[in-house]
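Worksheet: the structure to be examined is printed underneath.
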Amino acid sequence: HPCDALSLSAVIDARDAGLIVPLLVAPRARLEGVAAKAGLDLSGIAIEDVPHSHAAAERAVELAAAGQVEVLVKGSLHTDELMGAVIAAKAGLRTKRRVTHCFVMQTPAYPRPFIITDAAVNIAPTLAEKADIVRNAVDLAHAMGVETPRVAILAAVETISPNMPATLDAAALCKMADRGQIAGAVLDGPLAFDNAVSAAAAQVKGIVSPVAGRADILVVPDLESGNMLAKQLEYLGGADTAGIALGAKVPIVLTSRADARDTRLASCALAVMLAHRYRSSPP
């Protein structure tokens, strides 16, 4: 449902960059009106004509479940509309994993891209849900070429406190990794944000860890803290960003209506990487 100039132009940009072959699911007349007003050419782009955004979400999910598309990209509809269609039991897109979201960020202050999760889908995740949040982020890191990602489980402090549930979850997740319940990564936590990204801060606090100061993945305690962290890095820290949802049978690009075209293009690139990975190893 890319029924505004920004999302529709991002589709065309991604096609012109050779990333995707788009299939637009939206009211045809509305799409053509947006394209005409914005000076965009829809020639050669397939369109599935549907009456409204709810129908667009349902039809797009049907196409994905039938294997006719390999990626879902959110246009100008609400996230709840799309994700409601994705997670519906009848849709056929659910896997054994929970659907979770990852922001991939690159900031001038840090030497490598990193992942923040989950800052967009799971509001107050349980321990079991956090385990899936970590697993999905590790899969994304692998697709990005990080063989053994370092995962920092964030909290306000680096010590375990019975009064701070995030620290207990962090300890449990690390033990799950020790026992093979979470594989393919090195976990440590709880770690405060400074310890996760600054080796100097970790050294001052006497933290000896393979993750501290070198994290590839930052796992936040809840959506509110993660969303604020990601947006602060983007708007005040000069970070480039992309976003992707994992845990379904196809990757899902969940862009915000405020996202720039570069963010949308980068998010499509992430989705393509995952789609190629899913061809050889379906989720």
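So you can find residues: chains in the structure tokens are A, B, ... in the order shown, residues in each start at 1, and ligands are numbered from 1 in order.
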Backbone-only DSSP, helix (DSSP H, G or I) members of stretch 16-232 of chain A, as an NGL selection string = :A and (16 or 28-38 or 53-65 or 79-87 or 89-91 or 127-143 or 165-178 or 193-197 or 199-204 or 223-232)
request  = Please provide as a ChimeraX atom specification all residues within 9 Å of stretch 185-195 of chain A, with the sequence filter that same-chain residues fewer than 4 positions apart are discarded (counting only C-alpha atoms).
outcome  = /A:135,138,147-160,166-171,173-175,177-178,199-203,205,207,209-213,218
Would you mind exporting the chosen residues as a short mmCIF file (atom, residue, chain, number, x, y, z; two decimals), in the first residue's frame, restricted to C-alpha atoms?
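Done, and the output landed in out.cif:
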```
data_model
loop_
_atom_site.label_atom_id
_atom_site.label_comp_id
_atom_site.auth_asym_id
_atom_site.auth_seq_id
_atom_site.Cartn_x
_atom_site.Cartn_y
_atom_site.Cartn_z
CA ARG A 135 18.04 -15.59 17.85
CA VAL A 138 21.91 -13.37 15.37
CA GLU A 147 30.30 -14.96 11.70
CA THR A 148 30.10 -14.87 15.52
CA PRO A 149 28.26 -11.71 16.62
CA ARG A 150 28.87 -10.28 20.08
CA VAL A 151 25.54 -9.73 21.83
CA ALA A 152 25.17 -7.27 24.71
CA ILE A 153 22.06 -7.71 26.86
CA LEU A 154 21.41 -4.18 28.04
CA ALA A 155 20.19 -2.96 31.41
CA ALA A 156 20.74 0.18 33.47
CA VAL A 157 23.55 -1.50 35.41
CA GLU A 158 26.09 -4.24 34.84
CA THR A 159 25.34 -6.16 38.03
CA ILE A 160 22.48 -8.57 38.71
CA ALA A 166 16.08 -6.76 33.04
CA THR A 167 19.26 -7.87 34.82
CA LEU A 168 17.72 -11.24 35.70
CA ASP A 169 16.63 -11.78 32.10
CA ALA A 170 20.13 -10.87 30.93
CA ALA A 171 21.71 -13.45 33.23
CA LEU A 173 19.83 -15.40 28.42
CA CYS A 174 23.57 -15.74 28.91
CA LYS A 175 23.11 -19.08 30.66
CA ALA A 177 23.64 -19.45 25.44
CA ASP A 178 26.05 -21.41 27.62
CA ALA A 199 36.06 -0.54 26.04
CA ALA A 200 37.34 2.34 28.16
CA ALA A 201 34.13 2.48 30.21
CA ALA A 202 34.22 -1.28 30.71
CA GLN A 203 37.84 -1.13 31.83
CA LYS A 205 34.38 -0.54 35.86
CA ILE A 207 34.45 -5.56 33.42
CA SER A 209 34.17 -9.52 28.77
CA PRO A 210 34.50 -10.58 25.11
CA VAL A 211 31.46 -8.39 24.36
CA ALA A 212 32.03 -5.20 26.34
CA GLY A 213 33.13 -2.32 24.13
CA LEU A 218 22.37 -4.50 21.52
#
```
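Going from atom CA of A:Pro221 to atom CA of A:Pro283 covers 24.9 Å.
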key: Which of A:Met273, A:Arg15, A:Lys90, A:Ser9 sits closest to A:Pro251 [using only C-alpha atoms]   = A:Met273
At a cut-off of 9 Å, using only C-alpha atoms, what residues contact A:Leu72? Leave out same-chain residues fewer than 2 positions from it and give the result as a PDB file with all heavy atoms, in the first residue's frame.
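That gives us part_6.pdb:
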```pdb
ATOM      1  N   ALA A  60      -1.192  -9.100   0.200  1.00  0.00           N
ATOM      2  CA  ALA A  60       0.265  -9.209   0.192  1.00  0.00           C
ATOM      3  C   ALA A  60       0.724 -10.443   0.959  1.00  0.00           C
ATOM      4  O   ALA A  60       1.632 -11.165   0.528  1.00  0.00           O
ATOM      5  CB  ALA A  60       0.886  -7.951   0.794  1.00  0.00           C
ATOM      6  N   VAL A  61       0.086 -10.702   2.101  1.00  0.00           N
ATOM      7  CA  VAL A  61       0.421 -11.882   2.901  1.00  0.00           C
ATOM      8  C   VAL A  61       0.077 -13.157   2.139  1.00  0.00           C
ATOM      9  O   VAL A  61       0.832 -14.139   2.165  1.00  0.00           O
ATOM     10  CB  VAL A  61      -0.293 -11.819   4.261  1.00  0.00           C
ATOM     11  CG1 VAL A  61      -0.238 -13.163   4.975  1.00  0.00           C
ATOM     12  CG2 VAL A  61       0.338 -10.734   5.133  1.00  0.00           C
ATOM     13  N   ALA A  64       2.795 -13.794  -0.336  1.00  0.00           N
ATOM     14  CA  ALA A  64       4.009 -14.293   0.315  1.00  0.00           C
ATOM     15  C   ALA A  64       3.857 -15.752   0.720  1.00  0.00           C
ATOM     16  O   ALA A  64       4.764 -16.565   0.525  1.00  0.00           O
ATOM     17  CB  ALA A  64       4.334 -13.431   1.533  1.00  0.00           C
ATOM     18  N   VAL A  69       5.965 -13.857  -3.727  1.00  0.00           N
ATOM     19  CA  VAL A  69       6.884 -12.766  -3.372  1.00  0.00           C
ATOM     20  C   VAL A  69       7.781 -13.254  -2.248  1.00  0.00           C
ATOM     21  O   VAL A  69       7.394 -14.126  -1.467  1.00  0.00           O
ATOM     22  CB  VAL A  69       6.140 -11.471  -2.946  1.00  0.00           C
ATOM     23  CG1 VAL A  69       5.282 -10.927  -4.085  1.00  0.00           C
ATOM     24  CG2 VAL A  69       5.296 -11.700  -1.703  1.00  0.00           C
ATOM     25  N   GLU A  70       8.989 -12.705  -2.156  1.00  0.00           N
ATOM     26  CA  GLU A  70       9.957 -13.153  -1.148  1.00  0.00           C
ATOM     27  C   GLU A  70      10.181 -12.143  -0.029  1.00  0.00           C
ATOM     28  O   GLU A  70      10.853 -12.443   0.959  1.00  0.00           O
ATOM     29  CB  GLU A  70      11.303 -13.438  -1.825  1.00  0.00           C
ATOM     30  CG  GLU A  70      11.272 -14.641  -2.748  1.00  0.00           C
ATOM     31  CD  GLU A  70      12.633 -14.922  -3.335  1.00  0.00           C
ATOM     32  OE1 GLU A  70      13.007 -14.228  -4.305  1.00  0.00           O
ATOM     33  OE2 GLU A  70      13.343 -15.823  -2.829  1.00  0.00           O
ATOM     34  N   LYS A  74       6.336  -2.583   3.909  1.00  0.00           N
ATOM     35  CA  LYS A  74       5.247  -1.717   4.387  1.00  0.00           C
ATOM     36  C   LYS A  74       5.279  -0.379   3.646  1.00  0.00           C
ATOM     37  O   LYS A  74       6.313   0.275   3.561  1.00  0.00           O
ATOM     38  CB  LYS A  74       5.402  -1.492   5.886  1.00  0.00           C
ATOM     39  CG  LYS A  74       4.429  -0.488   6.493  1.00  0.00           C
ATOM     40  CD  LYS A  74       4.700  -0.361   7.984  1.00  0.00           C
ATOM     41  CE  LYS A  74       3.940   0.785   8.605  1.00  0.00           C
ATOM     42  NZ  LYS A  74       4.463   2.108   8.227  1.00  0.00           N
ATOM     43  N   VAL A 250       8.996 -14.847   5.500  1.00  0.00           N
ATOM     44  CA  VAL A 250       9.664 -13.884   4.623  1.00  0.00           C
ATOM     45  C   VAL A 250      10.086 -12.690   5.466  1.00  0.00           C
ATOM     46  O   VAL A 250       9.444 -12.375   6.474  1.00  0.00           O
ATOM     47  CB  VAL A 250       8.746 -13.413   3.467  1.00  0.00           C
ATOM     48  CG1 VAL A 250       8.355 -14.570   2.571  1.00  0.00           C
ATOM     49  CG2 VAL A 250       7.511 -12.693   3.994  1.00  0.00           C
ATOM     50  N   PRO A 251      11.157 -11.995   5.089  1.00  0.00           N
ATOM     51  CA  PRO A 251      11.517 -10.774   5.794  1.00  0.00           C
ATOM     52  C   PRO A 251      10.509  -9.669   5.507  1.00  0.00           C
ATOM     53  O   PRO A 251       9.895  -9.635   4.430  1.00  0.00           O
ATOM     54  CB  PRO A 251      12.902 -10.425   5.234  1.00  0.00           C
ATOM     55  CG  PRO A 251      12.993 -11.158   3.939  1.00  0.00           C
ATOM     56  CD  PRO A 251      12.127 -12.363   4.051  1.00  0.00           C
ATOM     57  N   ILE A 252      10.342  -8.779   6.479  1.00  0.00           N
ATOM     58  CA  ILE A 252       9.339  -7.717   6.381  1.00  0.00           C
ATOM     59  C   ILE A 252      10.016  -6.382   6.637  1.00  0.00           C
ATOM     60  O   ILE A 252      10.631  -6.175   7.693  1.00  0.00           O
ATOM     61  CB  ILE A 252       8.201  -7.937   7.391  1.00  0.00           C
ATOM     62  CG1 ILE A 252       7.574  -9.325   7.210  1.00  0.00           C
ATOM     63  CG2 ILE A 252       7.137  -6.847   7.255  1.00  0.00           C
ATOM     64  CD1 ILE A 252       6.744  -9.787   8.383  1.00  0.00           C
ATOM     65  N   VAL A 253       9.916  -5.475   5.672  1.00  0.00           N
ATOM     66  CA  VAL A 253      10.471  -4.132   5.827  1.00  0.00           C
ATOM     67  C   VAL A 253       9.416  -3.266   6.497  1.00  0.00           C
ATOM     68  O   VAL A 253       8.365  -2.995   5.908  1.00  0.00           O
ATOM     69  CB  VAL A 253      10.884  -3.541   4.466  1.00  0.00           C
ATOM     70  CG1 VAL A 253      11.369  -2.103   4.645  1.00  0.00           C
ATOM     71  CG2 VAL A 253      11.960  -4.395   3.814  1.00  0.00           C
ATOM     72  N   LEU A 254       9.681  -2.857   7.736  1.00  0.00           N
ATOM     73  CA  LEU A 254       8.733  -2.048   8.504  1.00  0.00           C
ATOM     74  C   LEU A 254       9.286  -0.635   8.644  1.00  0.00           C
ATOM     75  O   LEU A 254       9.903  -0.307   9.655  1.00  0.00           O
ATOM     76  CB  LEU A 254       8.499  -2.656   9.888  1.00  0.00           C
ATOM     77  CG  LEU A 254       7.628  -3.898   9.988  1.00  0.00           C
ATOM     78  CD1 LEU A 254       7.475  -4.303  11.440  1.00  0.00           C
ATOM     79  CD2 LEU A 254       6.261  -3.663   9.367  1.00  0.00           C
ATOM     80  N   ALA A 271      16.537  -6.728   3.473  1.00  0.00           N
ATOM     81  CA  ALA A 271      15.529  -7.751   3.181  1.00  0.00           C
ATOM     82  C   ALA A 271      15.994  -8.682   2.073  1.00  0.00           C
ATOM     83  O   ALA A 271      15.752  -9.896   2.128  1.00  0.00           O
ATOM     84  CB  ALA A 271      14.210  -7.078   2.805  1.00  0.00           C
TER      85      ALA A 271
END
```
request  = Please provide as a PyMOL selection string all residues within 9 Å of stretch 49-52 of chain A, with the sequence filter that same-chain residues fewer than 2 positions apart are discarded (counting only C-alpha atoms).
outcome  = chain A and resi 1+24-29+47+54-57+59
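Near A:Leu19, within 10 Å and counting only C-alpha atoms, sit Val11, Asp13, Ala14, Arg15, Asp16, Ala17, Val21, Pro22, Leu265, Ala266, Cys268, Ala269, Leu270, Ala271, Val272 and Met273 of chain A, not including residues fewer than 2 positions from it in the same chain.
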Go through stretch 30-144 of chain A and flag each residue having an atom no more than 7 Å from stretch 226-244 of chain A; for those, report the closest pair of atoms plus their distance in Å to one decimal, using only C-alpha atoms, ordered by chain and rising number, as JSON lines.
```
{"residue": "A:His101", "atom": "CA", "partner": "A:Ile244", "partner_atom": "CA", "distance": 5.7}
{"residue": "A:Cys102", "atom": "CA", "partner": "A:Ile244", "partner_atom": "CA", "distance": 5.5}
{"residue": "A:Phe103", "atom": "CA", "partner": "A:Gly243", "partner_atom": "CA", "distance": 4.5}
{"residue": "A:Val104", "atom": "CA", "partner": "A:Ala242", "partner_atom": "CA", "distance": 5.2}
{"residue": "A:Met105", "atom": "CA", "partner": "A:Thr241", "partner_atom": "CA", "distance": 4.5}
{"residue": "A:Gln106", "atom": "CA", "partner": "A:Asp240", "partner_atom": "CA", "distance": 5.2}
{"residue": "A:Thr107", "atom": "CA", "partner": "A:Ala239", "partner_atom": "CA", "distance": 4.2}
{"residue": "A:Thr117", "atom": "CA", "partner": "A:Gly226", "partner_atom": "CA", "distance": 6.8}
{"residue": "A:Asp118", "atom": "CA", "partner": "A:Gly226", "partner_atom": "CA", "distance": 6.5}
{"residue": "A:Ala119", "atom": "CA", "partner": "A:Gly226", "partner_atom": "CA", "distance": 4.4}
{"residue": "A:Ala120", "atom": "CA", "partner": "A:Asn227", "partner_atom": "CA", "distance": 6.6}
```
Restricting the output to all heavy atoms, write the selected residues as an mmCIF file, in the first residue's frame.
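Contents of out_5.cif, as written:
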```cif
data_model
loop_
_atom_site.group_PDB
_atom_site.id
_atom_site.type_symbol
_atom_site.label_atom_id
_atom_site.label_comp_id
_atom_site.auth_asym_id
_atom_site.auth_seq_id
_atom_site.Cartn_x
_atom_site.Cartn_y
_atom_site.Cartn_z
ATOM 1 N N HIS A 101 11.818 -7.285 15.612
ATOM 2 C CA HIS A 101 12.328 -6.225 14.736
ATOM 3 C C HIS A 101 13.777 -5.907 15.083
ATOM 4 O O HIS A 101 14.176 -5.928 16.251
ATOM 5 C CB HIS A 101 11.478 -4.963 14.890
ATOM 6 C CG HIS A 101 11.874 -3.860 13.955
ATOM 7 N ND1 HIS A 101 12.841 -2.930 14.262
ATOM 8 C CD2 HIS A 101 11.442 -3.550 12.709
ATOM 9 C CE1 HIS A 101 12.980 -2.094 13.247
ATOM 10 N NE2 HIS A 101 12.145 -2.445 12.297
ATOM 11 N N CYS A 102 14.547 -5.593 14.054
ATOM 12 C CA CYS A 102 15.936 -5.164 14.235
ATOM 13 C C CYS A 102 16.174 -3.838 13.508
ATOM 14 O O CYS A 102 15.795 -3.703 12.343
ATOM 15 C CB CYS A 102 16.913 -6.195 13.671
ATOM 16 S SG CYS A 102 16.997 -7.736 14.589
ATOM 17 N N PHE A 103 16.782 -2.903 14.189
ATOM 18 C CA PHE A 103 17.358 -1.741 13.536
ATOM 19 C C PHE A 103 18.835 -2.024 13.300
ATOM 20 O O PHE A 103 19.553 -2.423 14.222
ATOM 21 C CB PHE A 103 17.250 -0.484 14.414
ATOM 22 C CG PHE A 103 15.916 0.183 14.382
ATOM 23 C CD1 PHE A 103 15.131 0.243 15.526
ATOM 24 C CD2 PHE A 103 15.434 0.767 13.217
ATOM 25 C CE1 PHE A 103 13.897 0.870 15.505
ATOM 26 C CE2 PHE A 103 14.201 1.396 13.189
ATOM 27 C CZ PHE A 103 13.425 1.447 14.339
ATOM 28 N N VAL A 104 19.300 -1.821 12.073
ATOM 29 C CA VAL A 104 20.732 -1.857 11.783
ATOM 30 C C VAL A 104 21.196 -0.413 11.674
ATOM 31 O O VAL A 104 20.616 0.378 10.917
ATOM 32 C CB VAL A 104 21.030 -2.615 10.483
ATOM 33 C CG1 VAL A 104 22.527 -2.582 10.178
ATOM 34 C CG2 VAL A 104 20.556 -4.059 10.594
ATOM 35 N N MET A 105 22.223 -0.069 12.446
ATOM 36 C CA MET A 105 22.655 1.322 12.525
ATOM 37 C C MET A 105 24.153 1.438 12.292
ATOM 38 O O MET A 105 24.930 0.529 12.600
ATOM 39 C CB MET A 105 22.281 1.927 13.888
ATOM 40 C CG MET A 105 20.836 1.665 14.285
ATOM 41 S SD MET A 105 20.207 2.799 15.528
ATOM 42 C CE MET A 105 19.712 4.173 14.509
ATOM 43 N N GLN A 106 24.553 2.562 11.753
ATOM 44 C CA GLN A 106 25.963 2.915 11.586
ATOM 45 C C GLN A 106 26.113 4.361 11.994
ATOM 46 O O GLN A 106 25.475 5.242 11.418
ATOM 47 C CB GLN A 106 26.402 2.729 10.142
ATOM 48 C CG GLN A 106 27.822 3.228 9.855
ATOM 49 C CD GLN A 106 28.896 2.289 10.390
ATOM 50 O OE1 GLN A 106 29.115 1.223 9.866
ATOM 51 N NE2 GLN A 106 29.586 2.719 11.436
ATOM 52 N N THR A 107 26.931 4.595 13.007
ATOM 53 C CA THR A 107 27.154 5.947 13.500
ATOM 54 C C THR A 107 28.635 6.272 13.434
ATOM 55 O O THR A 107 29.482 5.376 13.598
ATOM 56 C CB THR A 107 26.640 6.098 14.948
ATOM 57 O OG1 THR A 107 26.977 7.392 15.445
ATOM 58 C CG2 THR A 107 27.229 5.037 15.858
ATOM 59 N N THR A 117 17.739 -4.231 19.040
ATOM 60 C CA THR A 117 16.534 -5.062 18.987
ATOM 61 C C THR A 117 15.971 -5.277 20.384
ATOM 62 O O THR A 117 16.745 -5.330 21.347
ATOM 63 C CB THR A 117 16.876 -6.410 18.301
ATOM 64 O OG1 THR A 117 15.671 -7.134 18.086
ATOM 65 C CG2 THR A 117 17.823 -7.247 19.137
ATOM 66 N N ASP A 118 14.661 -5.318 20.585
ATOM 67 C CA ASP A 118 13.594 -5.046 19.645
ATOM 68 C C ASP A 118 13.026 -3.680 20.023
ATOM 69 O O ASP A 118 12.603 -3.495 21.158
ATOM 70 C CB ASP A 118 12.533 -6.136 19.746
ATOM 71 C CG ASP A 118 11.373 -5.967 18.785
ATOM 72 O OD1 ASP A 118 11.098 -4.839 18.360
ATOM 73 O OD2 ASP A 118 10.703 -6.964 18.478
ATOM 74 N N ALA A 119 12.987 -2.784 19.069
ATOM 75 C CA ALA A 119 12.556 -1.417 19.337
ATOM 76 C C ALA A 119 11.320 -1.036 18.540
ATOM 77 O O ALA A 119 11.007 0.147 18.423
ATOM 78 C CB ALA A 119 13.697 -0.450 19.014
ATOM 79 N N ALA A 120 10.594 -2.031 18.001
ATOM 80 C CA ALA A 120 9.456 -1.674 17.152
ATOM 81 C C ALA A 120 8.277 -2.631 17.215
ATOM 82 O O ALA A 120 7.177 -2.243 16.839
ATOM 83 C CB ALA A 120 9.916 -1.554 15.696
#
```
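One distance worth recording is that between atom CA of A:His276 and atom CA of A:Arg264, which is 18.6 Å.
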Excluding A:Thr95 and its own-chain neighbours fewer than 4 positions away, which residues fall within 9 Å of it when counting only C-alpha atoms? Please give them as a PDB file with N, CA and C atoms, in the first residue's frame.
```
ATOM      1  N   VAL A  99       7.856 -13.072  15.869  1.00  0.00           N
ATOM      2  CA  VAL A  99       8.246 -11.996  14.966  1.00  0.00           C
ATOM      3  C   VAL A  99       8.863 -10.866  15.788  1.00  0.00           C
ATOM      4  N   GLY A 247      11.352 -13.501  11.726  1.00  0.00           N
ATOM      5  CA  GLY A 247      10.559 -14.463  12.474  1.00  0.00           C
ATOM      6  C   GLY A 247       9.399 -15.018  11.682  1.00  0.00           C
ATOM      7  N   ALA A 248       9.057 -14.382  10.568  1.00  0.00           N
ATOM      8  CA  ALA A 248       8.061 -14.924   9.641  1.00  0.00           C
ATOM      9  C   ALA A 248       8.793 -15.672   8.529  1.00  0.00           C
ATOM     10  N   LYS A 249       8.036 -16.250   7.603  1.00  0.00           N
ATOM     11  CA  LYS A 249       8.654 -17.020   6.525  1.00  0.00           C
ATOM     12  C   LYS A 249       9.311 -16.134   5.473  1.00  0.00           C
ATOM     13  N   PRO A 283      13.283 -20.239   7.144  1.00  0.00           N
ATOM     14  CA  PRO A 283      13.120 -20.060   8.591  1.00  0.00           C
ATOM     15  C   PRO A 283      12.073 -21.005   9.173  1.00  0.00           C
TER      16      PRO A 283
END
```
task = Write out as a count of residues only all residues of stretch 124-157 of chain A that backbone DSSP assigns to strand (DSSP E).
result = 5
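For the set A:Leu127, A:Leu77, A:Leu82, A:Ala36, the residue with the smallest atom-to-atom gap to A:Ser7 is A:Leu77, counting only C-alpha atoms.
The closest residue to A:Pro282, picked from A:Arg94, A:Arg30, A:Arg179, A:His78 and counting only C-alpha atoms, is A:Arg94.
Nearest residue to A:Pro165, choosing from A:Ala124, A:Ala137, A:Val204, A:Leu274 and counting only C-alpha atoms: A:Ala124.
For the pair atom CA of A:Asp132 and atom CA of A:Val219, the interatomic distance is 11.1 Å.
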